[in-house]
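Peer 1: What follows is coords19.cif; its format and atoms are mmCIF, C-alpha atoms and all ligand atoms.
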data_work
#
loop_
_atom_site.label_atom_id
_atom_site.label_comp_id
_atom_site.auth_asym_id
_atom_site.auth_seq_id
_atom_site.Cartn_x
_atom_site.Cartn_y
_atom_site.Cartn_z
CA MET A 207 -7.62 -10.62 -19.34
CA SER A 208 -4.59 -11.92 -17.45
CA LYS A 209 -4.18 -10.90 -13.86
CA ARG A 210 -2.26 -7.74 -12.97
CA VAL A 211 1.41 -7.86 -11.88
CA ILE A 212 1.49 -8.97 -8.25
CA MET A 213 3.03 -6.49 -5.82
CA ALA A 214 4.73 -7.42 -2.56
CA ALA A 215 5.07 -4.14 -0.66
CA GLY A 216 6.67 -3.96 2.76
CA ASN A 217 5.56 -1.32 5.24
CA TRP A 218 8.37 -1.07 7.78
CA LYS A 219 6.53 1.54 9.86
CA MET A 220 8.86 3.11 12.48
CA ASN A 221 11.45 0.34 12.37
CA LYS A 222 15.13 0.07 11.36
CA THR A 223 17.84 2.73 11.48
CA PRO A 224 19.36 3.99 8.20
CA SER A 225 22.32 1.59 8.51
CA GLU A 226 20.10 -1.37 9.42
CA ALA A 227 17.90 -0.51 6.44
CA VAL A 228 20.82 -0.56 4.00
CA GLU A 229 22.09 -3.85 5.40
CA PHE A 230 18.61 -5.36 5.04
CA VAL A 231 18.04 -4.31 1.42
CA ASN A 232 21.55 -5.35 0.45
CA SER A 233 20.63 -8.90 1.48
CA LEU A 234 17.11 -8.68 0.10
CA LYS A 235 18.11 -7.62 -3.40
CA ASP A 236 19.98 -10.85 -4.13
CA ARG A 237 17.21 -12.96 -2.65
CA VAL A 238 14.44 -11.41 -4.77
CA ALA A 239 16.37 -10.84 -8.02
CA GLY A 240 14.29 -11.93 -11.01
CA SER A 241 11.06 -12.33 -9.05
CA THR A 242 7.79 -12.20 -10.95
CA ALA A 243 6.28 -9.97 -8.26
CA GLU A 244 7.07 -6.28 -8.09
CA VAL A 245 9.01 -5.69 -4.86
CA VAL A 246 8.57 -2.50 -2.86
CA VAL A 247 9.99 -1.50 0.52
CA GLY A 248 8.17 1.24 2.44
CA VAL A 249 10.88 2.69 4.65
CA PRO A 250 11.10 5.58 7.17
CA PHE A 251 12.00 8.96 5.64
CA VAL A 252 15.53 8.99 7.05
CA CYS A 253 16.28 5.59 5.48
CA ILE A 254 15.23 6.64 1.97
CA PRO A 255 18.54 8.06 0.61
CA GLY A 256 20.63 5.07 1.72
CA VAL A 257 18.07 2.51 0.59
CA ILE A 258 17.65 4.16 -2.83
CA GLU A 259 21.41 4.05 -3.30
CA ALA A 260 21.61 0.42 -2.16
CA VAL A 261 18.82 -0.87 -4.45
CA LYS A 262 20.16 0.81 -7.61
CA GLY A 263 20.33 -1.77 -10.41
CA SER A 264 18.04 -4.19 -8.54
CA ASN A 265 14.32 -4.88 -8.94
CA ILE A 266 13.43 -3.30 -5.58
CA LYS A 267 11.44 -0.07 -5.56
CA VAL A 268 11.13 2.32 -2.65
CA ALA A 269 8.03 3.73 -1.01
CA ALA A 270 7.66 6.52 1.54
CA GLN A 271 5.11 6.05 4.31
CA ASN A 272 3.62 9.54 4.24
CA VAL A 273 3.87 12.93 2.52
CA HIS A 274 2.36 16.41 2.76
CA TRP A 275 0.21 17.65 -0.13
CA GLU A 276 1.55 21.21 -0.24
CA PRO A 277 4.61 21.80 -2.46
CA ASN A 278 6.52 23.73 0.25
CA GLY A 279 5.96 26.20 3.07
CA ALA A 280 5.59 26.59 6.81
CA TYR A 281 4.71 23.00 7.73
CA THR A 282 7.25 22.11 10.41
CA GLY A 283 8.21 18.46 10.37
CA GLU A 284 6.58 17.69 7.02
CA VAL A 285 8.04 16.41 3.76
CA SER A 286 6.83 17.30 0.23
CA CYS A 287 6.31 15.20 -2.88
CA LYS A 288 9.05 17.12 -4.69
CA MET A 289 11.55 16.15 -1.98
CA LEU A 290 10.63 12.46 -2.25
CA LYS A 291 10.65 12.50 -6.05
CA ASP A 292 14.07 14.14 -6.02
CA LEU A 293 15.41 11.21 -3.97
CA GLY A 294 14.01 8.69 -6.47
CA VAL A 295 10.96 7.47 -4.54
CA ASP A 296 8.40 5.58 -6.66
CA TYR A 297 5.48 4.97 -4.28
CA VAL A 298 3.95 6.72 -1.28
CA ILE A 299 1.71 4.88 1.19
CA ILE A 300 -1.17 7.12 2.29
CA GLY A 301 -4.22 6.64 4.48
CA HIS A 302 -2.75 3.86 6.59
CA SER A 303 -5.06 3.16 9.53
CA GLU A 304 -2.27 4.08 11.96
CA ARG A 305 -2.00 7.51 10.38
CA ARG A 306 -5.78 7.89 10.39
CA GLU A 307 -5.94 6.89 14.08
CA TYR A 308 -2.84 8.56 15.59
CA PHE A 309 -2.37 11.51 13.25
CA ALA A 310 -5.98 12.33 12.38
CA GLU A 311 -5.54 11.75 8.65
CA THR A 312 -8.92 12.20 6.93
CA ASN A 313 -10.26 11.01 3.59
CA GLU A 314 -10.05 14.61 2.35
CA MET A 315 -6.37 14.83 3.28
CA ILE A 316 -5.74 11.48 1.59
CA ASN A 317 -7.41 12.82 -1.55
CA LYS A 318 -5.11 15.89 -1.55
CA LYS A 319 -2.09 13.68 -0.99
CA ALA A 320 -3.09 11.36 -3.86
CA ARG A 321 -3.41 14.37 -6.19
CA ALA A 322 -0.02 15.76 -5.16
CA ILE A 323 1.73 12.37 -5.44
CA LEU A 324 0.42 11.82 -8.97
CA ASP A 325 1.30 15.37 -10.00
CA ALA A 326 4.86 14.74 -8.82
CA GLY A 327 5.15 11.62 -10.97
CA MET A 328 4.92 9.05 -8.15
CA THR A 329 2.25 6.48 -7.36
CA PRO A 330 0.05 6.46 -4.27
CA ILE A 331 -0.69 3.26 -2.38
CA ILE A 332 -4.03 4.23 -0.83
CA CYS A 333 -5.04 2.26 2.26
CA CYS A 334 -8.58 1.64 3.42
CA GLY A 335 -10.30 -0.78 5.76
CA GLU A 336 -12.91 -1.22 8.45
CA SER A 337 -12.65 -1.60 12.21
CA LEU A 338 -13.89 -4.70 14.00
CA THR A 339 -16.98 -2.78 15.19
CA GLN A 340 -17.79 -1.72 11.64
CA ARG A 341 -17.44 -5.30 10.43
CA GLU A 342 -19.71 -6.53 13.21
CA GLN A 343 -22.24 -3.79 12.40
CA GLY A 344 -22.30 -4.96 8.78
CA VAL A 345 -21.10 -1.64 7.33
CA THR A 346 -17.75 -2.79 5.87
CA ALA A 347 -18.78 -2.28 2.24
CA GLU A 348 -20.27 1.18 2.83
CA HIS A 349 -17.27 2.29 4.86
CA VAL A 350 -14.62 1.12 2.40
CA ARG A 351 -16.56 2.43 -0.61
CA TYR A 352 -16.83 5.84 1.07
CA GLN A 353 -13.12 5.93 1.94
CA ILE A 354 -12.07 5.09 -1.61
CA LYS A 355 -14.65 7.28 -3.31
CA VAL A 356 -13.44 10.38 -1.43
CA ALA A 357 -9.75 9.46 -1.77
CA LEU A 358 -10.14 9.31 -5.56
CA LEU A 359 -12.18 12.49 -6.09
CA GLY A 360 -10.94 14.43 -9.12
CA LEU A 361 -8.59 11.70 -10.35
CA SER A 362 -8.90 10.71 -14.01
CA ALA A 363 -9.60 7.16 -15.12
CA GLU A 364 -6.08 6.96 -16.51
CA GLU A 365 -4.63 7.97 -13.14
CA VAL A 366 -6.84 5.49 -11.30
CA SER A 367 -5.59 2.71 -13.58
CA ARG A 368 -2.04 3.39 -12.29
CA ILE A 369 -2.65 3.77 -8.55
CA VAL A 370 -2.53 1.00 -5.98
CA ILE A 371 -5.24 0.45 -3.37
CA ALA A 372 -4.57 -1.59 -0.23
CA TYR A 373 -7.50 -3.12 1.64
CA GLU A 374 -6.40 -3.52 5.23
CA PRO A 375 -9.03 -4.50 7.78
CA ILE A 376 -7.90 -2.74 10.96
CA TRP A 377 -8.63 -5.80 13.10
CA ALA A 378 -6.10 -7.80 11.07
CA ILE A 379 -3.19 -5.33 11.21
CA GLY A 380 -0.38 -6.43 13.48
CA THR A 381 -2.71 -8.79 15.31
CA GLY A 382 -1.66 -12.05 13.70
CA LYS A 383 -5.34 -12.39 12.76
CA THR A 384 -5.49 -12.58 8.95
CA ALA A 385 -8.80 -12.07 7.20
CA THR A 386 -9.88 -15.33 5.60
CA THR A 387 -9.10 -15.54 1.90
CA GLU A 388 -12.84 -15.24 1.24
CA GLN A 389 -13.22 -12.12 3.43
CA ALA A 390 -10.23 -10.45 1.77
CA GLU A 391 -11.39 -11.35 -1.73
CA GLU A 392 -14.93 -10.19 -1.01
CA VAL A 393 -13.89 -6.65 -0.02
CA CYS A 394 -11.24 -6.35 -2.76
CA GLY A 395 -14.04 -7.36 -5.16
CA ILE A 396 -16.31 -4.65 -3.70
CA ILE A 397 -13.55 -2.09 -4.28
CA ARG A 398 -13.08 -3.24 -7.88
CA GLU A 399 -16.82 -3.07 -8.43
CA LEU A 400 -16.76 0.54 -7.16
CA LEU A 401 -13.99 1.32 -9.67
CA VAL A 402 -16.17 -0.18 -12.43
CA GLU A 403 -19.06 2.10 -11.38
CA LEU A 404 -16.88 5.21 -11.20
CA TYR A 405 -14.38 4.70 -14.02
CA GLY A 406 -15.56 1.80 -16.17
CA LYS A 407 -14.45 -1.79 -16.57
CA ASP A 408 -11.23 -1.17 -18.50
CA THR A 409 -9.84 1.07 -15.77
CA ALA A 410 -11.01 -1.20 -12.95
CA GLU A 411 -9.28 -4.17 -14.58
CA LYS A 412 -5.94 -2.35 -14.48
CA THR A 413 -5.92 -0.98 -10.91
CA ARG A 414 -3.99 -3.08 -8.45
CA ILE A 415 -5.74 -3.89 -5.19
CA LEU A 416 -3.59 -5.35 -2.42
CA TYR A 417 -4.63 -7.09 0.77
CA GLY A 418 -2.88 -6.17 4.03
CA GLY A 419 -3.27 -7.54 7.52
CA SER A 420 -0.95 -10.18 8.92
CA VAL A 421 0.20 -11.43 5.51
CA LYS A 422 2.83 -14.11 6.10
CA ALA A 423 4.87 -16.58 4.09
CA ASP A 424 2.30 -19.30 4.70
CA ASN A 425 -0.81 -17.40 3.57
CA ALA A 426 0.56 -15.19 0.75
CA LYS A 427 0.16 -17.78 -2.02
CA GLU A 428 -3.52 -18.40 -1.35
CA LEU A 429 -4.34 -14.71 -0.88
CA PHE A 430 -2.45 -13.51 -3.96
CA ALA A 431 -4.10 -16.18 -6.13
CA MET A 432 -7.56 -14.69 -5.58
CA PRO A 433 -9.03 -12.98 -8.65
CA ASN A 434 -9.28 -9.51 -7.10
CA ILE A 435 -6.17 -9.57 -4.89
CA ASP A 436 -3.03 -8.32 -6.63
CA GLY A 437 -0.52 -8.78 -3.84
CA GLY A 438 0.02 -7.63 -0.30
CA LEU A 439 0.94 -4.68 1.87
CA VAL A 440 3.01 -6.39 4.50
CA GLY A 441 3.91 -4.98 7.91
CA GLY A 442 5.63 -7.20 10.47
CA ALA A 443 6.66 -9.96 8.05
CA SER A 444 8.41 -7.44 5.78
CA LEU A 445 11.00 -6.81 8.51
CA LYS A 446 12.21 -10.41 8.34
CA LEU A 447 14.37 -11.39 5.37
CA ASP A 448 13.26 -15.03 5.15
CA GLU A 449 9.58 -14.22 5.54
CA PHE A 450 9.56 -11.35 3.07
CA GLU A 451 11.56 -13.31 0.51
CA LYS A 452 8.99 -16.13 0.69
CA ILE A 453 6.13 -13.66 0.32
CA VAL A 454 7.76 -12.16 -2.78
CA LYS A 455 8.26 -15.70 -4.15
CA HIS A 456 4.78 -16.82 -3.14
CA ASP A 457 4.28 -18.65 -6.43
CA ALA A 458 7.69 -20.36 -6.60
C1 LIG B 501 0.37 -2.87 7.70
O1 LIG B 501 0.74 -2.16 8.61
O2 LIG B 501 0.17 -2.36 6.59
C2 LIG B 501 0.17 -4.29 7.95
C3 LIG B 501 -0.56 -4.97 7.13
O3 LIG B 501 0.78 -4.80 9.06
P1 LIG B 501 0.89 -6.37 9.45
O4 LIG B 501 1.29 -7.11 8.21
O5 LIG B 501 1.95 -6.42 10.52
O6 LIG B 501 -0.45 -6.79 9.94
#
I'd like the structure from this file rewritten - as structure tokens, please.
Ligand code: PEP

Peer 2:
Amino acid sequence: MSKRVIMAAGNWKMNKTPSEAVEFVNSLKDRVAGSTAEVVVGVPFVCIPGVIEAVKGSNIKVAAQNVHWEPNGAYTGEVSCKMLKDLGVDYVIIGHSERREYFAETNEMINKKARAILDAGMTPIICCGESLTQREQGVTAEHVRYQIKVALLGLSAEEVSRIVIAYEPIWAIGTGKTATTEQAEEVCGIIRELLVELYGKDTAEKTRILYGGSVKADNAKELFAMPNIDGGLVGGASLKLDEFEKIVKHDA
């Protein structure tokens, strides 16, 4: 079977104002037009309306960086799936290690968010990954398998075939320290093997698994060429036009 469509997804985190965001994607859309990779920008909530308008007619899709699982109600400061869908959002990043660490996001919450995102007709990008201590203790596989197993509880095989999983070792995020290609491939392979166990080979072959953690223009090609790595979730480098363009065109 041929490899899945590569995804280059930017995670802007808490960066860029709405006007800076529009200026950025207006330049990006010409640079990445016709790319073989699927291009996604994960922008702050307040940037979503302007960015969606700016990317109309281009091949850039928009991701939110969080969502609440309830459809509405007394949840001050939160945003629902229906609100994001109404704006035209395609993807929602959930379970990022920064949200797990600073906002106490648990695997159970991530599971509820995944359910709600799929029900609203969007696609979750579910992040997982071990800390440096866990890697040194030799529990990376157990930890990542547990995170993904709980995140996917109750999802059908068909739904799992459409979601995106991002393996992001915490020690490689924003540190400039990329996992080696072999380390990244090994854990993405472990995740795919888990999907085979839970949902069967056909489903596991369809699910996209990204690597994230200091992906840059000069390591994207090698990483994305690995059999179990279907692209990257890119933080810092996605804020720079030249860098992100090169990551999108990794195979050019
Ligand atoms: C991320 O936050 O998802 C990420 C991978 O960040 P960076 O590329 O900056 O390490």

Peer 1: Throw together the list of residues within 8 Å of ligand LIG 501 (chain B), counting all atoms listed in the file, and drop it here as a PDB file with C-alpha atoms, keeping the file's coordinate frame.

Peer 2:
ATOM      1  CA  GLY A 216       6.670  -3.960   2.760  1.00  0.00           C
ATOM      2  CA  ASN A 217       5.560  -1.320   5.240  1.00  0.00           C
ATOM      3  CA  TRP A 218       8.370  -1.070   7.780  1.00  0.00           C
ATOM      4  CA  LYS A 219       6.530   1.540   9.860  1.00  0.00           C
ATOM      5  CA  HIS A 302      -2.750   3.860   6.590  1.00  0.00           C
ATOM      6  CA  SER A 303      -5.060   3.160   9.530  1.00  0.00           C
ATOM      7  CA  GLU A 304      -2.270   4.080  11.960  1.00  0.00           C
ATOM      8  CA  GLU A 374      -6.400  -3.520   5.230  1.00  0.00           C
ATOM      9  CA  ALA A 378      -6.100  -7.800  11.070  1.00  0.00           C
ATOM     10  CA  ILE A 379      -3.190  -5.330  11.210  1.00  0.00           C
ATOM     11  CA  GLY A 380      -0.380  -6.430  13.480  1.00  0.00           C
ATOM     12  CA  THR A 381      -2.710  -8.790  15.310  1.00  0.00           C
ATOM     13  CA  GLY A 382      -1.660 -12.050  13.700  1.00  0.00           C
ATOM     14  CA  LYS A 383      -5.340 -12.390  12.760  1.00  0.00           C
ATOM     15  CA  THR A 384      -5.490 -12.580   8.950  1.00  0.00           C
ATOM     16  CA  TYR A 417      -4.630  -7.090   0.770  1.00  0.00           C
ATOM     17  CA  GLY A 418      -2.880  -6.170   4.030  1.00  0.00           C
ATOM     18  CA  GLY A 419      -3.270  -7.540   7.520  1.00  0.00           C
ATOM     19  CA  SER A 420      -0.950 -10.180   8.920  1.00  0.00           C
ATOM     20  CA  VAL A 421       0.200 -11.430   5.510  1.00  0.00           C
ATOM     21  CA  LYS A 422       2.830 -14.110   6.100  1.00  0.00           C
ATOM     22  CA  GLY A 438       0.020  -7.630  -0.300  1.00  0.00           C
ATOM     23  CA  LEU A 439       0.940  -4.680   1.870  1.00  0.00           C
ATOM     24  CA  VAL A 440       3.010  -6.390   4.500  1.00  0.00           C
ATOM     25  CA  GLY A 441       3.910  -4.980   7.910  1.00  0.00           C
ATOM     26  CA  GLY A 442       5.630  -7.200  10.470  1.00  0.00           C
ATOM     27  CA  ALA A 443       6.660  -9.960   8.050  1.00  0.00           C
ATOM     28  CA  SER A 444       8.410  -7.440   5.780  1.00  0.00           C
TER      29      SER A 444
END

Peer 1: I'd like the contact shell of range 213-215 of chain A - 8 Å cut-off, all atoms listed in the file, skipping same-chain residues fewer than 6 positions apart - returned as an MDAnalysis selection string.

Peer 2: chainID A and resid 243:248 416 436:440 444 453:454

Peer 1: Can you pull out every residue within 7 Å of Val228 in chain A, counting only C-alpha atoms, but drop anything in the same chain fewer than 6 positions away, and send it as a VMD selection string?

Peer 2: chain A and resid 256 to 257 260

Peer 1: Those selected residues, please, written with C-alpha atoms and delivered as a PDB file, in the frame of the given file.

Peer 2:
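Written output follows (part16.pdb):
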ATOM      1  CA  GLY A 256      20.630   5.070   1.720  1.00  0.00           C
ATOM      2  CA  VAL A 257      18.070   2.510   0.590  1.00  0.00           C
ATOM      3  CA  ALA A 260      21.610   0.420  -2.160  1.00  0.00           C
TER       4      ALA A 260
END

Peer 1: Extract, using only C-alpha atoms, all DNA, RNA and protein residues at most 8 Å from Thr312 in chain A, discarding same-chain residues fewer than 4 positions from it, and format them as a count of residues only.

Peer 2: 3

Peer 1: Of the candidates A:Ile371, A:Ile254, A:Thr242, A:Leu358, which one gets nearest to Ser225 in chain A if we count all atoms listed in the file?

Peer 2: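 Among the listed residues, A:Ile254 lies closest to Ser225 in chain A.
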
Peer 1: If you measure from CA of Val295 in chain A to CA of Val268 in chain A, what distance in Å do you get, rounded to one decimal?

Peer 2: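 CA of Val268 in chain A lies 5.5 Å from CA of Val295 in chain A.
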
Peer 1: Considering only C-alpha atoms, can you say which of A:Arg237, A:His349, A:Lys209, A:Arg398 comes closest to Asn265 in chain A?

Peer 2: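 The closest residue to Asn265 in chain A is A:Arg237.
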
Peer 1: Quick check, in Å to one decimal: how far apart do CA of Lys318 in chain A and CA of Val273 in chain A lie?

Peer 2: 10.3 Å

Peer 1: Tell me which of A:Leu429, A:Ile266, A:Val370, A:Val356 sits closest to Leu404 in chain A, counting all atoms listed in the file.

Peer 2: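 Of all the options, A:Val356 lies closest to Leu404 in chain A.
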
Peer 1: Report the distance between CA of Tyr352 in chain A and CA of Glu336 in chain A in Å, rounded to one decimal place.

Peer 2: 10.9 Å
